[in-house]
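Undergrad: Structure: coords-v4.txt, compact mmCIF, C-alpha atoms.
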```txt
# COMPACT_ATOMS: atom_id res chain seq x y z
CA MET L 1 -65.07 45.16 -148.37
CA PRO L 2 -63.30 48.22 -146.87
CA GLU L 3 -63.60 48.68 -143.13
CA VAL L 4 -64.16 51.95 -141.30
CA ALA L 5 -63.74 52.94 -137.66
CA PHE L 6 -66.40 51.72 -135.18
CA GLU L 7 -68.16 49.86 -137.98
CA ASP L 8 -69.32 46.95 -135.82
CA ALA L 9 -70.33 49.20 -132.94
CA ALA L 10 -72.18 51.68 -135.16
CA PRO L 11 -75.70 50.15 -134.85
CA ALA L 12 -75.45 50.09 -131.04
CA LEU L 13 -73.99 53.61 -131.03
CA VAL L 14 -76.95 54.84 -133.08
CA VAL L 15 -79.42 53.20 -130.67
CA PHE L 16 -77.79 55.00 -127.71
CA HIS L 17 -77.62 58.16 -129.83
CA ALA L 18 -81.40 57.92 -130.28
CA LEU L 19 -81.99 57.19 -126.58
CA ALA L 20 -79.95 60.25 -125.62
CA ALA L 21 -81.91 62.27 -128.19
CA ILE L 22 -85.17 61.27 -126.45
CA VAL L 23 -83.83 62.74 -123.20
CA LEU L 24 -82.53 65.77 -125.10
CA ILE L 25 -85.79 66.64 -126.84
CA GLY L 26 -87.66 66.40 -123.53
CA ALA L 27 -85.15 68.52 -121.60
CA SER L 28 -84.75 71.18 -124.30
CA THR L 29 -88.52 71.51 -124.78
CA HIS L 30 -89.11 71.89 -121.03
CA HIS L 31 -86.20 74.33 -120.84
CA ALA L 32 -87.78 76.40 -123.64
CA ILE L 33 -91.11 76.48 -121.77
CA ILE L 34 -89.32 77.61 -118.59
CA ALA L 35 -87.43 80.33 -120.54
CA VAL L 36 -90.67 81.64 -122.07
CA GLY L 37 -92.09 81.61 -118.52
CA TYR L 38 -89.21 83.89 -117.42
CA LEU L 39 -90.26 86.40 -120.10
CA ARG L 40 -93.84 86.26 -118.79
CA GLY L 41 -92.80 86.77 -115.16
CA SER L 42 -92.92 83.16 -113.97
CA PHE L 43 -89.52 82.36 -112.43
CA LYS L 44 -89.04 78.60 -111.98
CA THR L 45 -85.29 79.06 -111.59
CA ARG L 46 -84.49 75.68 -110.05
CA LEU L 47 -86.32 73.82 -112.81
CA GLY L 48 -84.61 75.99 -115.40
CA ARG L 49 -81.21 75.03 -114.01
CA ILE L 50 -82.11 71.33 -113.95
CA TYR L 51 -83.36 71.33 -117.55
CA ALA L 52 -80.33 73.34 -118.68
CA ALA L 53 -77.96 70.81 -117.10
CA VAL L 54 -79.85 67.73 -118.33
CA GLY L 55 -80.16 69.26 -121.80
CA ALA L 56 -76.45 70.11 -121.98
CA ILE L 57 -75.40 66.62 -120.86
CA ALA L 58 -77.86 64.94 -123.25
CA TYR L 59 -76.73 67.23 -126.09
CA GLY L 60 -73.10 66.34 -125.44
CA VAL L 61 -73.76 62.60 -125.19
CA THR L 62 -75.97 62.58 -128.31
CA PHE L 63 -73.41 64.60 -130.25
CA VAL L 64 -70.39 62.50 -129.23
CA LEU L 65 -72.17 59.20 -129.96
CA GLY L 66 -73.07 60.62 -133.37
CA LEU L 67 -69.43 61.55 -133.98
CA PHE L 68 -68.32 57.98 -133.29
CA ALA L 69 -71.01 56.45 -135.52
CA TYR L 70 -70.37 58.94 -138.31
CA PRO L 71 -67.56 57.16 -140.26
CA ALA L 72 -69.70 54.01 -140.65
CA PHE L 73 -72.71 56.10 -141.67
CA ARG L 74 -70.64 58.21 -144.04
CA TYR L 75 -69.34 55.21 -145.97
CA HIS L 76 -71.83 52.35 -145.69
CA THR L 77 -75.08 54.28 -145.40
CA ARG L 78 -74.46 57.55 -147.19
CA GLY L 79 -71.57 56.82 -149.55
CA LEU L 80 -72.78 53.47 -150.86
CA TYR L 81 -76.56 53.88 -150.63
CA LEU L 82 -78.09 57.29 -149.86
CA ASP L 83 -75.87 59.25 -152.27
CA ARG L 84 -76.84 56.78 -155.00
CA TYR L 85 -80.55 56.21 -154.36
CA GLU L 86 -81.80 58.81 -151.87
CA PRO L 87 -79.65 61.95 -152.29
CA TRP L 88 -82.25 64.10 -150.52
CA ALA L 89 -81.61 62.06 -147.35
CA SER L 90 -77.84 62.63 -147.65
CA ASN L 91 -78.41 66.34 -147.96
CA LEU L 92 -80.89 66.40 -145.10
CA PHE L 93 -78.42 64.54 -142.90
CA ASP L 94 -75.65 67.03 -143.61
CA ILE L 95 -77.99 69.94 -142.89
CA LYS L 96 -78.93 68.26 -139.60
CA GLU L 97 -75.34 67.58 -138.51
CA ASN L 98 -74.26 71.14 -139.28
CA PHE L 99 -77.25 72.61 -137.46
CA ALA L 100 -76.50 70.36 -134.46
CA ALA L 101 -72.89 71.58 -134.38
CA LEU L 102 -74.05 75.21 -134.49
CA GLY L 103 -76.24 74.50 -131.47
CA LEU L 104 -73.25 73.49 -129.30
CA PRO L 105 -72.17 77.01 -128.19
CA LEU L 106 -75.81 77.94 -127.58
CA VAL L 107 -76.28 74.95 -125.27
CA ILE L 108 -73.10 75.82 -123.36
CA GLY L 109 -74.16 79.46 -123.17
CA ALA L 110 -77.63 78.59 -121.87
CA LEU L 111 -76.12 76.21 -119.29
CA VAL L 112 -73.62 78.80 -118.02
CA LEU L 113 -76.24 81.56 -117.86
CA SER L 114 -78.74 79.31 -116.10
CA ARG L 115 -76.18 78.78 -113.29
CA VAL L 116 -75.29 82.44 -112.70
CA MET L 117 -78.43 84.33 -113.69
CA LYS L 118 -81.19 85.32 -111.26
CA PRO L 119 -84.19 85.63 -113.58
CA SER L 120 -86.20 87.75 -111.17
CA GLU L 121 -83.35 90.31 -110.90
CA ASP L 122 -81.53 90.08 -114.27
CA ALA L 123 -84.39 91.27 -116.44
CA THR L 124 -82.04 92.61 -119.15
CA LEU L 125 -80.52 89.16 -119.77
CA LEU L 126 -83.79 87.28 -120.09
CA ARG L 127 -84.35 87.91 -123.82
CA GLY L 128 -80.83 86.79 -124.71
CA TYR L 129 -81.12 83.70 -122.53
CA ALA L 130 -84.53 82.83 -123.96
CA ALA L 131 -83.25 83.31 -127.52
CA MET L 132 -80.40 80.84 -126.91
CA VAL L 133 -82.75 78.29 -125.32
CA LEU L 134 -85.46 78.61 -128.00
CA LEU L 135 -83.00 78.34 -130.90
CA THR L 136 -81.44 75.28 -129.26
CA ALA L 137 -84.88 73.67 -128.88
CA ALA L 138 -85.66 74.40 -132.54
CA ILE L 139 -82.36 72.81 -133.63
CA VAL L 140 -83.06 69.76 -131.45
CA TRP L 141 -86.57 69.30 -132.84
CA PHE L 142 -85.32 69.69 -136.41
CA SER L 143 -82.48 67.22 -135.79
CA VAL L 144 -84.69 64.60 -134.16
CA ILE L 145 -87.37 64.76 -136.86
CA SER L 146 -84.73 64.73 -139.61
CA GLY L 147 -83.03 61.75 -137.98
CA LEU L 148 -86.30 59.83 -137.94
CA VAL L 149 -86.99 60.66 -141.60
CA ILE L 150 -83.46 59.74 -142.73
CA GLY L 151 -83.63 56.50 -140.73
CA GLN L 152 -86.68 55.51 -142.78
CA ALA L 153 -84.66 55.88 -145.98
CA ARG L 154 -81.76 53.81 -144.65
CA GLY L 155 -80.27 53.17 -141.22
CA VAL L 156 -76.67 52.46 -140.21
CA MET E 157 -70.51 94.84 -115.30
CA LYS E 158 -72.00 91.99 -113.28
CA LYS E 159 -70.54 88.50 -113.63
CA GLN E 160 -73.66 87.17 -115.37
CA GLU E 161 -73.66 90.05 -117.84
CA ALA E 162 -69.99 89.49 -118.67
CA LEU E 163 -70.68 85.79 -119.16
CA PHE E 164 -73.62 86.59 -121.43
CA VAL E 165 -71.41 88.82 -123.61
CA ALA E 166 -68.62 86.20 -123.69
CA MET E 167 -70.98 83.33 -124.52
CA SER E 168 -72.65 85.36 -127.28
CA ALA E 169 -69.30 86.37 -128.77
CA GLY E 170 -68.20 82.74 -128.55
CA ALA E 171 -71.31 81.55 -130.40
CA ILE E 172 -70.68 84.07 -133.20
CA ALA E 173 -67.01 83.04 -133.42
CA PHE E 174 -67.94 79.36 -133.52
CA ALA E 175 -70.49 79.89 -136.30
CA PHE E 176 -68.10 81.80 -138.57
CA ALA E 177 -65.08 79.58 -137.83
CA PHE E 178 -67.21 76.49 -138.51
CA VAL E 179 -68.35 77.69 -141.93
CA ALA E 180 -65.11 79.45 -142.94
CA PRO E 181 -63.35 76.43 -144.53
CA MET E 182 -66.33 75.93 -146.84
CA LEU E 183 -66.29 79.57 -147.96
CA ALA E 184 -62.59 80.43 -147.92
CA GLY E 185 -61.10 77.09 -148.98
CA GLU E 186 -58.61 77.20 -146.12
CA PRO E 187 -56.75 74.06 -144.98
CA ILE E 188 -58.31 72.12 -142.09
CA VAL E 189 -58.14 68.67 -140.54
CA TRP E 190 -59.73 65.92 -142.67
CA TYR E 191 -60.43 62.33 -141.70
CA LEU E 192 -60.06 59.68 -144.39
CA PRO E 193 -62.22 56.81 -143.07
CA LEU E 194 -61.18 54.21 -145.64
CA GLU E 195 -57.49 54.93 -145.13
CA HIS E 196 -57.82 55.30 -141.34
CA ARG E 197 -55.74 58.46 -141.25
CA TRP E 198 -55.99 62.20 -140.64
CA THR E 199 -54.61 64.92 -142.89
CA PHE E 200 -54.33 68.71 -142.79
CA GLU E 201 -54.97 70.30 -146.18
CA THR E 202 -57.45 72.27 -148.25
CA ARG E 203 -59.07 69.26 -149.91
CA PRO E 204 -57.61 65.73 -150.12
CA ASP E 205 -57.28 64.34 -153.66
CA GLY E 206 -59.89 61.69 -154.47
CA GLY E 207 -61.34 59.15 -152.08
CA LEU E 208 -63.74 59.54 -149.20
CA ALA E 209 -62.83 62.41 -146.85
CA ILE E 210 -64.70 63.90 -143.89
CA ASP E 211 -64.21 67.58 -143.03
CA PHE E 212 -66.83 67.71 -140.24
CA TYR E 213 -64.37 66.89 -137.43
CA GLY E 214 -61.94 69.53 -138.67
CA ARG E 215 -64.59 72.22 -138.95
CA LEU E 216 -65.91 71.32 -135.51
CA LEU E 217 -62.42 71.53 -134.02
CA GLN E 218 -61.81 74.88 -135.67
CA GLY E 219 -65.15 76.18 -134.35
CA LEU E 220 -64.40 75.00 -130.81
CA VAL E 221 -60.92 76.55 -130.84
CA ALA E 222 -62.38 79.87 -132.05
CA TRP E 223 -65.13 79.65 -129.42
CA ALA E 224 -62.63 79.01 -126.60
CA ALA E 225 -60.27 81.77 -127.78
CA ILE E 226 -63.00 84.39 -128.05
CA VAL E 227 -64.59 83.45 -124.71
CA LEU E 228 -61.18 83.61 -122.98
CA VAL E 229 -60.45 87.03 -124.47
CA THR E 230 -63.94 88.53 -124.13
CA LEU E 231 -64.74 87.44 -120.58
CA PRO E 232 -61.99 89.37 -118.72
CA ILE E 233 -62.57 92.44 -120.92
CA ALA E 234 -66.32 92.37 -120.24
CA LYS E 235 -65.74 91.85 -116.50
CA ARG E 236 -63.63 95.03 -116.41
CA GLY E 237 -66.52 97.07 -117.83
CA LYS E 238 -67.74 99.52 -115.18
CA LYS E 239 -71.21 100.16 -116.57
CA ALA E 240 -74.04 97.67 -116.26
CA LEU E 241 -75.22 96.19 -119.55
CA SER E 242 -78.18 98.22 -120.80
CA SER E 243 -81.34 96.65 -122.14
CA ARG E 244 -80.48 98.05 -125.60
CA ALA E 245 -76.96 96.58 -125.50
CA THR E 246 -78.31 93.19 -124.44
CA GLY E 247 -80.82 93.30 -127.28
CA LEU E 248 -78.08 94.12 -129.78
CA VAL E 249 -75.79 91.33 -128.56
CA THR E 250 -78.70 88.88 -128.73
CA ALA E 251 -79.63 90.05 -132.22
CA TRP E 252 -76.04 89.72 -133.50
CA THR E 253 -75.71 86.25 -132.01
CA ILE E 254 -78.98 84.88 -133.34
CA THR E 255 -78.48 86.52 -136.74
CA ALA E 256 -74.95 85.08 -137.09
CA VAL E 257 -76.07 81.56 -136.19
CA LEU E 258 -79.18 81.77 -138.41
CA LEU E 259 -77.14 83.11 -141.34
CA VAL E 260 -74.72 80.18 -141.16
CA MET E 261 -77.64 77.76 -140.79
CA LEU E 262 -79.30 79.32 -143.83
CA HIS E 263 -76.07 78.99 -145.79
CA TYR E 264 -75.87 75.26 -145.03
CA ALA E 265 -79.56 74.68 -145.73
CA TRP E 266 -79.34 76.52 -149.05
CA THR E 267 -76.12 74.96 -150.36
CA LEU E 268 -76.86 71.42 -149.16
CA HIS E 269 -80.45 71.41 -150.39
CA PHE E 270 -79.24 71.79 -153.97
CA ARG E 271 -76.17 69.52 -153.66
CA ARG E 272 -75.86 66.49 -155.91
CA PRO E 273 -73.82 64.02 -153.84
CA ILE E 274 -71.40 61.68 -155.63
CA PRO E 275 -71.81 58.08 -154.43
CA GLU E 276 -68.81 55.94 -153.50
CA PRO E 277 -67.94 53.21 -156.01
CA LEU E 278 -69.45 49.88 -154.99
CA PRO E 279 -66.69 47.52 -153.81
CA ALA E 280 -66.29 44.09 -155.45
CA GLY E 281 -68.72 41.58 -153.95
CA TYR E 282 -70.70 44.34 -152.27
CA ARG E 283 -73.61 43.19 -150.16
CA ALA E 284 -75.72 45.79 -148.42
CA ARG E 285 -75.42 45.71 -144.64
```
Go through the file and emit its structure as structure tokens.

TA:
Amino acid sequence: MPEVAFEDAAPALVVFHALAAIVLIGASTHHAIIAVGYLRGSFKTRLGRIYAAVGAIAYGVTFVLGLFAYPAFRYHTRGLYLDRYEPWASNLFDIKENFAALGLPLVIGALVLSRVMKPSEDATLLRGYAAMVLLTAAIVWFSVISGLVIGQARGV
Amino acid sequence: MKKQEALFVAMSAGAIAFAFAFVAPMLAGEPIVWYLPLEHRWTFETRPDGGLAIDFYGRLLQGLVAWAAIVLVTLPIAKRGKKALSSRATGLVTAWTITAVLLVMLHYAWTLHFRRPIPEPLPAGYRAR
């Protein structure tokens, strides 16, 4: 049986990946609510900064753990099983991983802006900031739900 | 231009650069870094012959390099701008950024939804994990 990198650690990596995703979905959802609040004139700046930081850290941790678990998933789960019996799950996984990668610069952008922006004074930036935060939250929700659905087809 | 406005422009430009650099290898067939998990090695080419190969790490790396390059170039230029960023300009930058990211997302969703993946051959004595 061929061996791939981090094969033995993959199940534990995926558990921590899921735990980090729990933190991430909470932080990004709260961050989105705060950002919408900015557009409506409610400026909870300190909370916005906290959720931006927690969300960015959780996004990074979730993403990196996923990167380490990926070779084992790609061969044992996808290559040998999902591609053969559940191709829709393979395709959904690849959509999810690409969406998650595209969210990276948005998360960094939202984090940086949250640190330097004064929402009550920088009215012109609020729409751009909110767009970054809301798209990130949508990507996170899609990724988490997809991950749960794919995990029901076959886990690592 | 205020520091936060310059950062907004740089971060938006970086997000657009990342999105296009990330998808470019799939569209242009350019060489990138591939990881061959069964052979435990990395290679730099357009598409490795046969066998299991992962391009995700290479595309991610290319996207991050493009993001860093564009942010490093855009930020000092934007900081030098003497005028404050207008509401219209901010709206345009936001629209370009979100449209670019959504277009690349749509491309992946569309192409991957209709993909027919080719399974790996089952190894001798295979027992599901």

Undergrad: Contacts from chain L to chain E, 8 Å maximum, only C-alpha atoms: show me the residue list as number ranges by chain.

TA: L: 1-5, 71, 75-76, 78-84, 87-88, 90-92, 94-95, 98-99, 101-102, 105-106, 108-109, 112-113, 116-117, 124-125, 127-128, 131-132

Undergrad: Rounded to one decimal place, report the CA of Tyr85 (chain L)-CA of Ala18 (chain L) distance in Å.

TA: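 A separation of 24.2 Å between them.
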
Undergrad: So the first atom is CA of Ala180 (chain E) and the second is CA of Thr199 (chain E); what is the distance between them in Å, to one decimal place?

TA: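 Taking CA of Ala180 (chain E) and CA of Thr199 (chain E), their separation equals 17.9 Å.
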
Undergrad: Using Å and a single decimal, report how far CA of Thr45 (chain L) sits from CA of Ser28 (chain L).

TA: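 So the answer is 15.0 Å.
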
Undergrad: Taking into account only C-alpha atoms, which residue in the set E:Leu217, E:Thr230, E:Trp190, E:Ala177 is nearest to Asp205 (chain E)?

TA: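 Under the stated criterion, the closest residue is E:Trp190.
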